[in-house]
$ cat work-v1.txt   # compact mmCIF, C-alpha atoms
# COMPACT_ATOMS: atom_id res chain seq x y z
CA MET A 7 58.45 110.90 83.23
CA ALA A 8 54.90 110.14 82.04
CA GLN A 9 54.49 108.82 78.52
CA ILE A 10 53.07 111.50 76.21
CA THR A 11 50.68 109.58 73.99
CA ALA A 12 48.98 110.82 70.84
CA ALA A 13 45.63 110.45 72.60
CA LEU A 14 46.82 112.71 75.43
CA VAL A 15 48.05 115.33 72.95
CA LYS A 16 44.73 115.18 71.09
CA GLU A 17 42.78 115.58 74.34
CA LEU A 18 44.77 118.71 75.23
CA ARG A 19 44.34 120.06 71.71
CA ASP A 20 40.56 119.52 71.83
CA ARG A 21 40.47 121.25 75.20
CA THR A 22 42.58 124.28 74.31
CA GLY A 23 42.57 124.64 70.51
CA ALA A 24 46.38 124.95 70.53
CA GLY A 25 48.57 123.34 67.86
CA MET A 26 49.63 119.69 68.20
CA GLY A 27 53.30 120.63 68.59
CA ASP A 28 52.57 123.17 71.31
CA CYS A 29 50.37 120.66 73.14
CA LYS A 30 53.10 118.01 73.05
CA LYS A 31 55.69 120.46 74.41
CA ALA A 32 53.35 121.63 77.17
CA LEU A 33 52.63 118.05 78.23
CA GLU A 34 56.34 117.21 78.23
CA ALA A 35 57.06 120.28 80.36
CA THR A 36 54.37 119.32 82.90
CA ASP A 37 55.03 115.56 83.02
CA GLY A 38 51.75 114.74 81.28
CA ASN A 39 49.52 116.72 83.64
CA LEU A 40 46.59 117.91 81.51
CA ASP A 41 45.49 120.72 83.82
CA ALA A 42 49.02 122.07 84.23
CA ALA A 43 49.66 121.77 80.49
CA ALA A 44 46.46 123.68 79.70
CA GLU A 45 47.49 126.41 82.14
CA LYS A 46 50.97 126.57 80.58
CA LEU A 47 49.47 126.95 77.11
CA ARG A 48 47.22 129.73 78.40
CA MET A 49 50.18 131.55 79.97
CA ASP A 50 52.34 131.07 76.86
CA GLY A 51 49.50 132.41 74.72
CA ALA A 52 49.17 135.47 76.95
CA ALA A 53 52.91 136.14 76.66
CA LYS A 54 52.72 135.87 72.87
CA ALA A 55 49.72 138.19 72.84
CA ASP A 56 51.63 140.81 74.84
CA LYS A 57 54.57 140.61 72.40
CA LYS A 58 52.30 141.14 69.39
CA ALA A 59 50.13 143.87 70.92
CA GLY A 60 52.01 146.69 69.19
CA ARG A 61 51.46 145.37 65.67
CA THR A 62 48.84 147.05 63.50
CA ALA A 63 45.56 145.14 63.28
CA ALA A 64 43.50 146.87 60.58
CA GLU A 65 41.80 143.87 58.93
CA GLY A 66 38.97 141.94 60.53
CA VAL A 67 35.22 141.44 60.57
CA LEU A 68 32.02 142.85 62.02
CA ALA A 69 29.37 140.78 63.79
CA PHE A 70 25.76 141.40 64.78
CA ALA A 71 23.76 139.86 67.62
CA SER A 72 20.20 140.71 68.59
CA THR A 73 17.53 140.40 71.25
CA ALA A 74 13.85 141.34 71.01
CA ASP A 75 14.61 145.02 71.66
CA ALA A 76 18.21 145.66 70.61
CA VAL A 77 21.03 144.87 68.17
CA ALA A 78 24.76 144.94 68.92
CA ILE A 79 27.59 145.37 66.43
CA VAL A 80 31.20 144.49 67.27
CA GLU A 81 34.43 145.05 65.33
CA LEU A 82 37.15 142.44 65.79
CA ASN A 83 40.47 143.25 64.13
CA CYS A 84 43.47 141.18 63.05
CA GLU A 85 46.51 141.75 60.84
CA THR A 86 45.56 139.85 57.67
CA ASP A 87 42.41 139.16 55.69
CA PHE A 88 43.34 135.47 55.65
CA VAL A 89 42.89 135.24 59.44
CA ALA A 90 39.73 137.38 59.25
CA LYS A 91 38.11 134.65 57.13
CA GLY A 92 38.81 131.94 59.73
CA GLU A 93 35.92 130.23 61.49
CA ASP A 94 37.41 130.61 64.98
CA PHE A 95 38.09 134.32 64.46
CA ARG A 96 34.55 134.95 63.24
CA GLY A 97 33.21 132.89 66.11
CA LEU A 98 34.96 135.16 68.62
CA ALA A 99 33.42 138.23 66.95
CA LYS A 100 29.97 136.64 67.23
CA ARG A 101 30.50 135.73 70.90
CA ALA A 102 31.54 139.31 71.63
CA ALA A 103 28.42 140.69 69.90
CA GLU A 104 26.18 138.29 71.82
CA ALA A 105 27.79 139.31 75.12
CA ALA A 106 27.33 142.99 74.24
CA VAL A 107 23.62 142.73 73.41
CA GLN A 108 22.80 140.45 76.33
CA GLN A 109 24.73 142.26 79.06
CA ARG A 110 24.85 145.86 77.70
CA PRO A 111 28.32 146.72 79.12
CA ALA A 112 29.06 150.40 79.74
CA SER A 113 32.52 150.33 78.16
CA LEU A 114 34.85 148.31 75.95
CA GLU A 115 36.84 147.30 79.04
CA ALA A 116 33.66 145.93 80.61
CA LEU A 117 32.83 144.03 77.42
CA VAL A 118 36.18 142.26 77.08
CA ASN A 119 36.00 141.15 80.71
CA ILE A 120 32.64 139.42 80.25
CA LYS A 121 32.83 135.64 80.56
CA ALA A 122 31.72 133.87 77.41
CA GLY A 123 31.89 130.25 78.50
CA ALA A 124 34.84 129.24 80.69
CA GLU A 125 36.91 132.33 79.89
CA THR A 126 36.52 136.05 79.36
CA LEU A 127 36.42 137.47 75.85
CA ASP A 128 39.87 138.97 76.39
CA GLU A 129 41.28 135.63 77.56
CA ALA A 130 39.80 134.00 74.45
CA ARG A 131 41.34 136.72 72.28
CA ARG A 132 44.78 136.35 73.89
CA ALA A 133 44.67 132.57 73.51
CA MET A 134 43.82 132.95 69.83
CA VAL A 135 46.71 135.39 69.36
CA GLY A 136 49.01 132.77 70.87
CA ARG A 137 47.70 130.05 68.57
CA ILE A 138 47.52 132.00 65.31
CA GLY A 139 50.42 134.41 65.77
CA GLU A 140 48.70 137.66 64.81
CA ASN A 141 47.71 140.62 66.91
CA MET A 142 43.93 140.79 67.42
CA THR A 143 41.79 143.46 69.02
CA ILE A 144 38.17 143.71 70.05
CA ARG A 145 38.17 147.32 68.93
CA ARG A 146 34.68 148.73 69.53
CA PHE A 147 31.02 147.92 69.91
CA GLU A 148 27.64 149.62 69.92
CA VAL A 149 24.22 148.53 71.14
CA VAL A 150 21.22 150.14 69.46
CA THR A 151 17.84 149.73 71.15
CA LYS A 152 14.48 149.68 69.43
CA ALA A 153 12.64 153.01 69.09
CA GLY A 154 8.99 153.34 68.02
CA GLY A 155 9.42 151.60 64.68
CA PRO A 156 11.47 148.80 63.07
CA LEU A 157 15.06 148.08 64.09
CA VAL A 158 16.92 146.90 60.97
CA THR A 159 20.42 145.84 60.02
CA TYR A 160 22.48 145.60 56.87
CA MET A 161 25.77 143.73 56.54
CA HIS A 162 27.65 144.18 53.28
CA PRO A 163 28.98 140.90 51.78
CA GLY A 164 32.33 140.12 53.39
CA ASP A 165 31.25 141.48 56.81
CA LYS A 166 33.38 144.62 56.43
CA ILE A 167 30.60 147.25 56.51
CA GLY A 168 27.66 146.98 58.88
CA VAL A 169 24.73 149.26 59.69
CA ILE A 170 22.09 149.28 62.42
CA LEU A 171 19.18 151.66 61.90
CA ALA A 172 16.40 152.34 64.43
CA MET A 173 13.22 153.99 63.17
CA ASP A 174 10.76 156.04 65.20
CA ALA A 175 8.08 155.37 62.62
CA GLY A 176 7.75 153.72 59.23
CA ASP A 177 7.88 150.26 57.70
CA GLU A 178 10.68 147.72 57.65
CA ALA A 179 11.19 147.90 53.86
CA THR A 180 11.95 151.63 54.11
CA GLY A 181 14.28 150.95 57.03
CA LYS A 182 16.21 148.34 55.07
CA ASP A 183 16.53 150.70 52.09
CA LEU A 184 17.89 153.40 54.39
CA ALA A 185 20.33 150.99 56.08
CA MET A 186 21.72 150.13 52.63
CA HIS A 187 21.89 153.85 51.85
CA VAL A 188 23.90 154.47 55.03
CA ALA A 189 26.29 151.66 54.09
CA ALA A 190 26.82 153.10 50.61
CA MET A 191 26.87 156.85 51.33
CA SER A 192 28.44 156.91 54.80
CA PRO A 193 26.63 159.87 56.39
CA ARG A 194 28.31 161.08 59.57
CA TYR A 195 25.23 162.52 61.29
CA LEU A 196 21.44 162.10 61.22
CA ASP A 197 20.43 165.69 60.43
CA ALA A 198 21.69 169.28 60.53
CA ALA A 199 20.80 169.64 64.21
CA SER A 200 23.07 166.67 65.02
CA VAL A 201 26.24 168.22 63.52
CA PRO A 202 28.48 169.43 66.37
CA ALA A 203 29.21 173.16 66.53
CA GLU A 204 32.97 172.56 66.37
CA VAL A 205 32.57 170.66 63.07
CA LEU A 206 30.59 173.55 61.59
CA ASP A 207 33.06 176.15 62.91
CA SER A 208 36.01 174.27 61.46
CA GLU A 209 34.38 173.90 58.04
CA ARG A 210 33.27 177.56 58.05
CA ARG A 211 36.88 178.68 58.57
CA ILE A 212 38.00 176.56 55.61
CA ILE A 213 35.20 177.87 53.40
CA GLU A 214 35.86 181.49 54.39
CA ALA A 215 39.50 181.12 53.40
CA GLN A 216 38.49 179.65 50.02
CA VAL A 217 35.84 182.30 49.35
CA ALA A 218 38.19 185.14 50.32
CA GLU A 219 40.29 184.34 47.25
CA GLN A 220 37.33 183.79 44.91
CA ALA A 221 35.32 186.84 45.98
CA ALA A 222 38.03 189.45 46.46
CA GLY A 223 36.53 192.96 46.27
CA LYS A 224 32.88 191.78 46.45
CA PRO A 225 30.47 193.22 49.07
CA ALA A 226 30.46 191.56 52.49
CA GLN A 227 26.85 190.39 52.16
CA ILE A 228 27.66 188.59 48.89
CA VAL A 229 30.66 186.91 50.49
CA GLU A 230 28.54 185.81 53.47
CA LYS A 231 25.89 184.42 51.11
CA MET A 232 28.55 182.37 49.32
CA VAL A 233 29.91 181.07 52.62
CA SER A 234 26.43 180.15 53.88
CA GLY A 235 25.61 178.35 50.62
CA LYS A 236 28.78 176.26 50.71
CA LEU A 237 28.25 175.46 54.40
CA ALA A 238 24.69 174.31 53.73
CA LYS A 239 25.97 172.04 50.94
CA PHE A 240 28.58 170.59 53.31
CA VAL A 241 25.92 169.85 55.94
CA ALA A 242 23.71 168.14 53.35
CA GLU A 243 26.61 165.94 52.24
CA ILE A 244 27.42 164.66 55.75
CA THR A 245 23.87 164.14 57.07
CA LEU A 246 21.55 161.25 56.31
CA LEU A 247 18.48 163.46 55.84
CA GLY A 248 20.34 165.90 53.60
CA GLN A 249 21.78 163.32 51.20
CA PRO A 250 20.17 162.36 47.86
CA PHE A 251 18.54 158.94 48.35
CA VAL A 252 20.80 156.34 46.77
CA LYS A 253 17.92 154.54 44.99
CA ASN A 254 16.45 157.81 43.69
CA PRO A 255 18.97 160.68 43.64
CA ASP A 256 16.23 163.10 42.56
CA GLU A 257 14.89 163.20 46.13
CA THR A 258 16.63 163.61 49.45
CA VAL A 259 16.29 161.10 52.27
CA GLU A 260 14.33 163.74 54.17
CA LYS A 261 11.77 163.93 51.35
CA LEU A 262 11.59 160.15 51.14
CA LEU A 263 10.86 159.92 54.87
CA LYS A 264 8.10 162.54 54.62
CA SER A 265 6.47 160.69 51.71
CA LYS A 266 6.52 157.45 53.73
CA ASN A 267 5.39 159.05 57.00
CA ALA A 268 8.61 157.67 58.51
CA ARG A 269 11.27 158.93 60.93
CA VAL A 270 14.76 157.69 61.80
CA ALA A 271 15.73 157.76 65.47
CA ARG A 272 19.35 156.68 65.16
CA PHE A 273 21.86 154.82 63.01
CA VAL A 274 25.31 153.30 63.49
CA ARG A 275 27.67 152.53 60.62
CA TYR A 276 30.92 150.58 61.10
CA ALA A 277 33.56 149.86 58.47
CA VAL A 278 36.41 147.54 59.38
CA GLY A 279 39.67 149.37 59.97
CA GLU A 280 38.31 152.90 59.48
CA GLY A 281 40.52 155.39 61.29
CA ILE A 282 43.38 152.92 61.72
CA GLU A 283 46.60 153.98 60.04
CA LYS A 284 47.78 150.91 58.17
CA GLN A 285 51.48 150.18 58.13
CA GLN A 286 53.03 149.99 54.68
CA THR A 287 55.19 146.89 54.68
CA ASP A 288 58.13 146.33 52.36
CA PHE A 289 58.18 142.53 52.48
CA ALA A 290 61.48 142.22 50.60
CA ALA A 291 63.18 144.56 53.06
CA GLU A 292 61.56 142.72 55.99
CA VAL A 293 62.87 139.33 54.81
CA MET A 294 66.34 140.77 54.21
CA ALA A 295 66.38 142.32 57.67
CA GLN A 296 65.37 139.03 59.28
CA ALA A 297 68.14 137.29 57.36
CA GLY A 298 70.68 139.91 58.42
CA ILE A 299 71.22 141.11 54.86
CA LYS A 300 71.84 144.81 54.33
CA ALA A 301 70.11 146.46 51.41
CA SER A 302 72.47 147.73 48.75
CA THR A 303 72.70 151.53 48.37
$ encode --input "work-v1.txt" --output "C-alpha cells"
Amino acid sequence: MAQITAALVKELRDRTGAGMGDCKKALEATDGNLDAAAEKLRMDGAAKADKKAGRTAAEGVLAFASTADAVAIVELNCETDFVAKGEDFRGLAKRAAEAAVQQRPASLEALVNIKAGAETLDEARRAMVGRIGENMTIRRFEVVTKAGGPLVTYMHPGDKIGVILAMDAGDEATGKDLAMHVAAMSPRYLDAASVPAEVLDSERRIIEAQVAEQAAGKPAQIVEKMVSGKLAKFVAEITLLGQPFVKNPDETVEKLLKSKNARVARFVRYAVGEGIEKQQTDFAAEVMAQAGIKAST
C-alpha cells in the first residue's frame, strides 16, 4: 500500500476543498491515487448531498453580476446563517450570477448545468454540501436587461434583499432612490395594469364579504362605491407607482416619476427565503431523540 504523506493529503485538499480527514480516508481507500481519490470524494459528496436534499434551506445570500446591458440576481440557500456568511458559499452564489448574466439560460435547470470552471454549478453545489454538511439550493435567478434609461441595483447590507430596476427614461439618482424604495416597500407589481385579473378578482371577493357586513341595508350603488374604493386602495398598496414614495410620503411614486420625466420599465425584488416555510426545530427534543432518550410526559 502506498504511503499516505501529509503532502499528498494537502495536495488532494487543495484540489478538492474537502476536509483533511476525508482526504486521508479517500487516499487510503484508493492506494494513494490522487485522481481516484478526488473522484471518490466527488461521489461521496454527491451521496451526502442526496441524503440532505429534503432538509429545509431557508437561509442564504443573494448575488449580482452584470454585463454592459444586463444584471443577474441569484438566490443561493442553505440551512444556517453561519454557512451563509462563508466565503466559499458566497463565492458559489457569485459564480452562479456570473453564469446567468453571461449565458442567459432559459431555466433554472439550464443554469445549474452550466460549467463554471472544471465543474457545473450543480456539481460545485453538491460537493459543497458534502464538505459542509448542510443542504444547499440554487433556488432562483433573474436576468434584467437594460431598457432606454439607467439599469440600477440595490443590495441591502447582509445580502438578504436585492433589487434590480430598469428605467425607460430618467437619471441614475432617481433609479437608485426607486430601487431602495422597492427594497423597503416590497411592491408586487409595477402599476395597476400589471396586476393579474385573478388577483383583483380574489381581493374583490374578500372586500365584498367585508362590506356586506358593514353596509347591510344600504343601496347597491353605495355598496359598489365602497367596494371600488377599497379595491383601488389595495391596488395602490401593491403597485410601485401607486405607493407613497418612501423618501417623501406626501407624493406617490407615479407623481415623482412625472416630476422627473422618468419611467420605470421593470423591477425585480428578491428577499432570501421568502415563500419558504421554515421548519421550527426543538433542539432539546432533537438531541434527546438522537440520544435515544424519550421525553417525559
$ closest_atom_pairs --input "work-v1.txt" --of "stretch 162-192 of chain A" --to "stretch 243-266 of chain A" --cutoff "8 Å" --atoms "all atoms listed in the file" --output "JSON lines"
{"residue": "A:Gly176", "atom": "CA", "partner": "A:Lys266", "partner_atom": "CA", "distance": 6.8}
{"residue": "A:Thr180", "atom": "CA", "partner": "A:Lys266", "partner_atom": "CA", "distance": 8.0}
{"residue": "A:His187", "atom": "CA", "partner": "A:Val252", "partner_atom": "CA", "distance": 5.8}
{"residue": "A:Val188", "atom": "CA", "partner": "A:Leu246", "partner_atom": "CA", "distance": 7.3}
{"residue": "A:Ala190", "atom": "CA", "partner": "A:Val252", "partner_atom": "CA", "distance": 7.8}
{"residue": "A:Met191", "atom": "CA", "partner": "A:Val252", "partner_atom": "CA", "distance": 7.6}
{"residue": "A:Ser192", "atom": "CA", "partner": "A:Ile244", "partner_atom": "CA", "distance": 7.9}
$ closest_residue --input "work-v1.txt" --among "A:Ile138, A:Met161, A:Ala221, A:Ile120" --to "A:Gly92" --atoms "all atoms listed in the file"
A:Ile138
$ residues_near_point --input "work-v1.txt" --point "(43.0, 146.8, 65.9)" --cutoff "6 Å" --atoms "only C-alpha atoms" --output "number ranges by chain"
A: 63-64, 83, 143, 145
$ atom_distance --input "work-v1.txt" --atom1 "atom CA of A:Glu115" --atom2 "atom CA of A:Val149"
14.9 Å
$ atom_distance --input "work-v1.txt" --atom1 "atom CA of A:Met186" --atom2 "atom CA of A:Arg110"
25.6 Å
$ closest_residue --input "work-v1.txt" --among "A:Asp87, A:Pro202, A:Arg137, A:Pro156" --to "A:Arg19" --atoms "all atoms listed in the file"
A:Arg137
$ atom_distance --input "work-v1.txt" --atom1 "atom CA of A:Ala215" --atom2 "atom CA of A:Lys236"
12.1 Å
$ closest_residue --input "work-v1.txt" --among "A:Gly155, A:Gly123, A:Pro193, A:Gly235" --to "A:Ile213" --atoms "all atoms listed in the file"
A:Gly235
